[in-house]
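> Take this structure first; my questions come after.
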Amino acid sequence: MRNLYLALDVETRDEAFHLLNRFSNRPAVKVGMELFYREGARFIEELVDLGYPVFLDVKVHDIPETTRRTMRQIGRLGVAVTNVHTLGGEKMMRYALDGLRMESDTTRLIGVTQLTSTDERMMQTELGIAGRLDLAVIRQATLAKRAGLDGVVASVQEARMIHQELGDTFMTVTPGIRLGGTDDDQVRVATPHEASRAGVHSIVVGRPITRAADPVTMYDQFMKEWGQTYETNR
């Protein structure tokens with residue numbers, strides 16, 4: 001199922017629900033590190049109990065055994081999707097999946113490739129990864145699939161190549177989605193329509209919606225360009 005995950009880019013539970021209570025239905029949501037570290041597991045369980053499909057975006061990246069233990073705890077939360085960082089390597093990803101499956105058969109595990117704030121120059125000069133950025137992403141996505149993961153987080157620019165190499169059913173989840181230009185810290189951005197044409201399975205949108213004067217109207221605009229519908233009360 002294709003989703004637009006609304007990134008809850010706020011600091012507290014109260015701020016999150018102040019935003020979510022504007023919606024008549026239960027949009028899929030992404031909870032990142034800022035909010036998770038503040039509010040913790042109980043907040044995630046509350047969202048799940050209320051019927052929100054949750055993408056828990058904490059990018060677990062540690063030694064294999066620590067990762068397995070961490071993912072076992074995440075598996076108990078009932079989230080729809082969570083993630084690890086592919087730079088931890090194939091063994092770490094396999095251990096992560098093993099820990100997750102100890103508690104959940106339904107939570108999907110995806111791997112972060114290169115952040116959408118990373119460009120090729122930064123990857124080569126600061127991170128020391130040689131070659132083209134898109135090929136680095138494909139290598140990381142291939143490792144993720146080999147480890148048994150359900151998909152990866154990548155930009156729209158790499159999604160089409162990922163599907164060509166790894167198949168249409170291998171999930172791609174794409175942040176950095178904007179309706180137009182951007183002046184924030186995202187570098188590799190795209191519109192919802194471009195994401196749809198690239199075969200992306202789900203997109204993540206935060207600040208363009210959460211910081212809008214009317215978040216529900218802005219959410220509707222993203223959904224329409226994404227090719228989905230969402231019934232809201234005005």
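Residue numbers start at 1 in each chain; chains themselves are named A, B, ... in the order of the structure tokens; ligands are numbered from 1 in the order shown.
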If you run DSSP on the backbone here, which positions in stretch 15-166 of chain A get strand (DSSP E)? Please write them as a PyMOL selection string.
chain A and resi 29-31+54-60+81-85+108-112+151-153
> Compile the contact shell of A:Val60 as a list in words: residues with an atom at most 8 Å away, counting only C-alpha atoms, same-chain residues fewer than 3 positions apart removed.
Thr67, Thr70, Asn83, Val84 and His85 of chain A
> Include N, CA, C and O atoms and write out the residues we just selected as an mmCIF file, in the first residue's frame.

```
data_model
loop_
_atom_site.group_PDB
_atom_site.id
_atom_site.type_symbol
_atom_site.label_atom_id
_atom_site.label_comp_id
_atom_site.auth_asym_id
_atom_site.auth_seq_id
_atom_site.Cartn_x
_atom_site.Cartn_y
_atom_site.Cartn_z
ATOM 1 N N THR A 67 22.158 -4.227 18.039
ATOM 2 C CA THR A 67 21.084 -3.943 17.090
ATOM 3 C C THR A 67 19.968 -4.967 17.217
ATOM 4 O O THR A 67 18.780 -4.615 17.182
ATOM 5 N N THR A 70 17.989 -4.176 20.336
ATOM 6 C CA THR A 70 17.213 -2.946 20.142
ATOM 7 C C THR A 70 15.985 -3.201 19.286
ATOM 8 O O THR A 70 14.868 -2.751 19.599
ATOM 9 N N ASN A 83 13.441 1.255 10.854
ATOM 10 C CA ASN A 83 14.611 1.204 9.981
ATOM 11 C C ASN A 83 15.933 1.075 10.729
ATOM 12 O O ASN A 83 16.032 1.323 11.926
ATOM 13 N N VAL A 84 16.925 0.645 9.958
ATOM 14 C CA VAL A 84 18.316 0.607 10.388
ATOM 15 C C VAL A 84 19.131 1.343 9.328
ATOM 16 O O VAL A 84 18.621 1.677 8.264
ATOM 17 N N HIS A 85 20.406 1.578 9.637
ATOM 18 C CA HIS A 85 21.270 2.212 8.643
ATOM 19 C C HIS A 85 22.068 1.133 7.919
ATOM 20 O O HIS A 85 22.738 0.320 8.558
#
```
> Ranking A:Asp168, A:Asp119, A:Asp220, A:Glu90 by minimum distance to A:Ala198 and counting only C-alpha atoms, which one comes first?
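Residue with the minimum atom-to-atom distance to A:Ala198: A:Asp168.
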> May I ask which of the residues A:Ala7, A:Ala41, A:Val173, A:Met122 is the closest one to A:Ile203, counting only C-alpha atoms?
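Looking at the shortest contact to A:Ile203, the residue is A:Val173.
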> Could you write out, as a ChimeraX atom specification, all the residues of stretch 18-150 of chain A that DSSP marks as helix (DSSP H, G or I)?
/A:18-20,33-49,64-75,86-88,90-101,120-125,133-146
> Within 12 Å of stretch 97-100 of chain A, counting only C-alpha atoms, which residues qualify if same-chain residues fewer than 3 places away don't, as a PyMOL selection string?
chain A and resi 60+64-84+90-94+103-111+144-150
> Skip A:Glu225 itself and residues of its chain fewer than 3 positions away, then list as a PDB file with C-alpha atoms, in the first residue's frame all residues within 8 Å of it, counting only C-alpha atoms.

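Output below, filename selection-v9.pdb:
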```
ATOM      1  CA  PRO A 192       5.147  13.880  -5.146  1.00  0.00           C
ATOM      2  CA  HIS A 193       4.349  13.493  -8.847  1.00  0.00           C
ATOM      3  CA  GLN A 221      -2.294  19.194  -1.875  1.00  0.00           C
ATOM      4  CA  PHE A 222       0.516  16.708  -1.373  1.00  0.00           C
ATOM      5  CA  GLN A 228      -4.053   9.572  -3.470  1.00  0.00           C
TER       6      GLN A 228
END
```
> Taking into account only C-alpha atoms, which residue in the set A:Ile162, A:Ala16, A:Met223, A:Ile177 is nearest to A:Gly199?
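Among the listed residues, the smallest separation from A:Gly199 belongs to A:Ile162.
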> Would you kindly return, as a list of chain:residue names, each protein, DNA or RNA residue with an atom no farther than 12 Å from any atom of A:Gly40, considering only C-alpha atoms and excluding same-chain residues fewer than 4 positions away?
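So the residues in contact are A:Glu11, A:Thr12, A:Arg13, A:Val31, A:Gly32, A:Met33, A:Glu34, A:Leu35, A:Phe36, A:Ile44, A:Glu45, A:Glu46, A:Leu47, A:Leu56, A:Val58, A:Gln73, A:Ile74, A:Leu77.
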> Can you spit out the residues from that selection as a PDB file, in the first residue's frame, using C-alpha atoms?

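So the final result, stored in part39.pdb, reads:
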```
ATOM      1  CA  GLU A  11       9.136  18.348  20.204  1.00  0.00           C
ATOM      2  CA  THR A  12       6.348  16.983  22.394  1.00  0.00           C
ATOM      3  CA  ARG A  13       3.355  14.651  22.508  1.00  0.00           C
ATOM      4  CA  VAL A  31       8.099   9.615  14.337  1.00  0.00           C
ATOM      5  CA  GLY A  32      11.763  10.534  14.236  1.00  0.00           C
ATOM      6  CA  MET A  33      14.510  10.669  16.812  1.00  0.00           C
ATOM      7  CA  GLU A  34      13.677  14.088  18.263  1.00  0.00           C
ATOM      8  CA  LEU A  35      10.136  13.178  19.298  1.00  0.00           C
ATOM      9  CA  PHE A  36      10.925   9.557  20.174  1.00  0.00           C
ATOM     10  CA  ILE A  44       4.447   5.185  20.083  1.00  0.00           C
ATOM     11  CA  GLU A  45       2.124   2.651  21.705  1.00  0.00           C
ATOM     12  CA  GLU A  46      -0.494   5.379  22.160  1.00  0.00           C
ATOM     13  CA  LEU A  47      -0.364   6.259  18.455  1.00  0.00           C
ATOM     14  CA  LEU A  56       9.434   4.725  13.568  1.00  0.00           C
ATOM     15  CA  VAL A  58      15.342   5.940  14.453  1.00  0.00           C
ATOM     16  CA  GLN A  73      12.264  -3.864  21.782  1.00  0.00           C
ATOM     17  CA  ILE A  74      10.963  -1.979  18.750  1.00  0.00           C
ATOM     18  CA  LEU A  77       5.628  -1.514  19.823  1.00  0.00           C
TER      19      LEU A  77
END
```
> Smallest atom-to-atom distance to A:Phe55: which of A:Leu127, A:Val156, A:Leu4, A:Ala190, using only C-alpha atoms?
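Ranking A:Leu127, A:Val156, A:Leu4, A:Ala190 by distance to A:Phe55, first place goes to A:Leu4.
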> Can you tell me how far atom CA of A:Val29 sits from atom CA of A:Gly206, in Å to one decimal?
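Atom CA of A:Gly206 lies at a distance of 9.5 Å from atom CA of A:Val29.
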> Can you pull out every residue within 10 Å of A:Tyr219, counting only C-alpha atoms, but drop anything in the same chain fewer than 5 positions away, and send it as JSON, numbers by chain?
{"A": [4, 6, 23, 27, 205, 206, 208, 209, 210, 212, 214, 224, 230, 232]}
> Just to be explicit: take each residue in the selection above, keep N, CA and C atoms, and write the result as a PDB file, in the first residue's frame.

```pdb
ATOM      1  N   LEU A   4       1.545   8.262   2.369  1.00  0.00           N
ATOM      2  CA  LEU A   4       2.243   9.507   2.653  1.00  0.00           C
ATOM      3  C   LEU A   4       2.407   9.539   4.161  1.00  0.00           C
ATOM      4  N   LEU A   6       3.228  11.408   7.339  1.00  0.00           N
ATOM      5  CA  LEU A   6       3.340  12.765   7.849  1.00  0.00           C
ATOM      6  C   LEU A   6       4.384  12.779   8.956  1.00  0.00           C
ATOM      7  N   PHE A  23      -7.042  16.551  11.834  1.00  0.00           N
ATOM      8  CA  PHE A  23      -7.433  15.620  10.784  1.00  0.00           C
ATOM      9  C   PHE A  23      -8.610  14.775  11.249  1.00  0.00           C
ATOM     10  N   PRO A  27      -4.030   9.788   9.583  1.00  0.00           N
ATOM     11  CA  PRO A  27      -2.972   9.700   8.572  1.00  0.00           C
ATOM     12  C   PRO A  27      -1.813   8.846   9.067  1.00  0.00           C
ATOM     13  N   VAL A 205       6.727  13.429   4.275  1.00  0.00           N
ATOM     14  CA  VAL A 205       6.664  14.892   4.198  1.00  0.00           C
ATOM     15  C   VAL A 205       6.506  15.439   5.613  1.00  0.00           C
ATOM     16  N   GLY A 206       7.348  16.405   5.957  1.00  0.00           N
ATOM     17  CA  GLY A 206       7.281  16.985   7.287  1.00  0.00           C
ATOM     18  C   GLY A 206       7.016  18.476   7.271  1.00  0.00           C
ATOM     19  N   PRO A 208       7.060  21.035   5.200  1.00  0.00           N
ATOM     20  CA  PRO A 208       6.143  21.743   4.301  1.00  0.00           C
ATOM     21  C   PRO A 208       4.681  21.648   4.740  1.00  0.00           C
ATOM     22  N   ILE A 209       4.336  20.583   5.470  1.00  0.00           N
ATOM     23  CA  ILE A 209       2.972  20.448   5.993  1.00  0.00           C
ATOM     24  C   ILE A 209       2.876  20.973   7.417  1.00  0.00           C
ATOM     25  N   THR A 210       3.767  20.525   8.291  1.00  0.00           N
ATOM     26  CA  THR A 210       3.630  20.851   9.714  1.00  0.00           C
ATOM     27  C   THR A 210       3.824  22.335   9.986  1.00  0.00           C
ATOM     28  N   ALA A 212       2.993  24.723   7.753  1.00  0.00           N
ATOM     29  CA  ALA A 212       2.066  25.485   6.914  1.00  0.00           C
ATOM     30  C   ALA A 212       1.009  26.174   7.771  1.00  0.00           C
ATOM     31  N   ASP A 214      -2.103  26.235   7.156  1.00  0.00           N
ATOM     32  CA  ASP A 214      -3.205  25.282   7.207  1.00  0.00           C
ATOM     33  C   ASP A 214      -2.651  23.904   6.853  1.00  0.00           C
ATOM     34  N   LYS A 224      -2.973  14.904  -3.341  1.00  0.00           N
ATOM     35  CA  LYS A 224      -3.503  14.975  -4.704  1.00  0.00           C
ATOM     36  C   LYS A 224      -2.380  14.810  -5.720  1.00  0.00           C
ATOM     37  N   TYR A 230      -7.734  11.823   0.313  1.00  0.00           N
ATOM     38  CA  TYR A 230      -7.863  11.832   1.769  1.00  0.00           C
ATOM     39  C   TYR A 230      -9.071  12.698   2.114  1.00  0.00           C
ATOM     40  N   THR A 232     -11.159  14.901   4.445  1.00  0.00           N
ATOM     41  CA  THR A 232     -10.974  15.716   5.651  1.00  0.00           C
ATOM     42  C   THR A 232     -12.221  16.529   5.939  1.00  0.00           C
TER      43      THR A 232
END
```
> Can you pull out every residue within 10 Å of A:Ala154, counting only C-alpha atoms, but drop anything in the same chain fewer than 6 positions away, and send it as a VMD selection string?
chain A and resid 111 to 116 134 137 to 138 141 162 171 to 176 188 200
> Write a file of the just-selected residues containing C-alpha atoms, as a PDB file, in the first residue's frame.

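Dumped to out-v6.pdb:
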```pdb
ATOM      1  CA  GLY A 111      17.425   0.368   5.475  1.00  0.00           C
ATOM      2  CA  VAL A 112      18.608   3.962   5.200  1.00  0.00           C
ATOM      3  CA  THR A 113      21.041   4.407   2.312  1.00  0.00           C
ATOM      4  CA  GLN A 114      22.401   7.931   1.815  1.00  0.00           C
ATOM      5  CA  LEU A 115      20.577  10.774   3.533  1.00  0.00           C
ATOM      6  CA  THR A 116      18.822  13.246   1.243  1.00  0.00           C
ATOM      7  CA  ASP A 134      23.604   6.671  -7.092  1.00  0.00           C
ATOM      8  CA  VAL A 137      22.963   3.788  -2.966  1.00  0.00           C
ATOM      9  CA  ILE A 138      22.412   0.753  -5.208  1.00  0.00           C
ATOM     10  CA  ALA A 141      20.201  -1.302  -1.230  1.00  0.00           C
ATOM     11  CA  ILE A 162      16.666   0.449  -7.266  1.00  0.00           C
ATOM     12  CA  MET A 171      10.074  -1.070  -0.999  1.00  0.00           C
ATOM     13  CA  THR A 172      11.318   2.443  -1.577  1.00  0.00           C
ATOM     14  CA  VAL A 173      10.452   5.113   0.978  1.00  0.00           C
ATOM     15  CA  THR A 174      11.412   8.628   0.011  1.00  0.00           C
ATOM     16  CA  PRO A 175      11.909  11.763   2.123  1.00  0.00           C
ATOM     17  CA  GLY A 176      12.836  15.153   0.683  1.00  0.00           C
ATOM     18  CA  ARG A 188      18.155  15.608  -3.300  1.00  0.00           C
ATOM     19  CA  VAL A 200       8.178   5.005  -5.072  1.00  0.00           C
TER      20      VAL A 200
END
```
> Separation of atom CA of A:Val10 and atom CA of A:Met218, in Å?
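Value for the atom CA of A:Val10-atom CA of A:Met218 distance: 17.0 Å.
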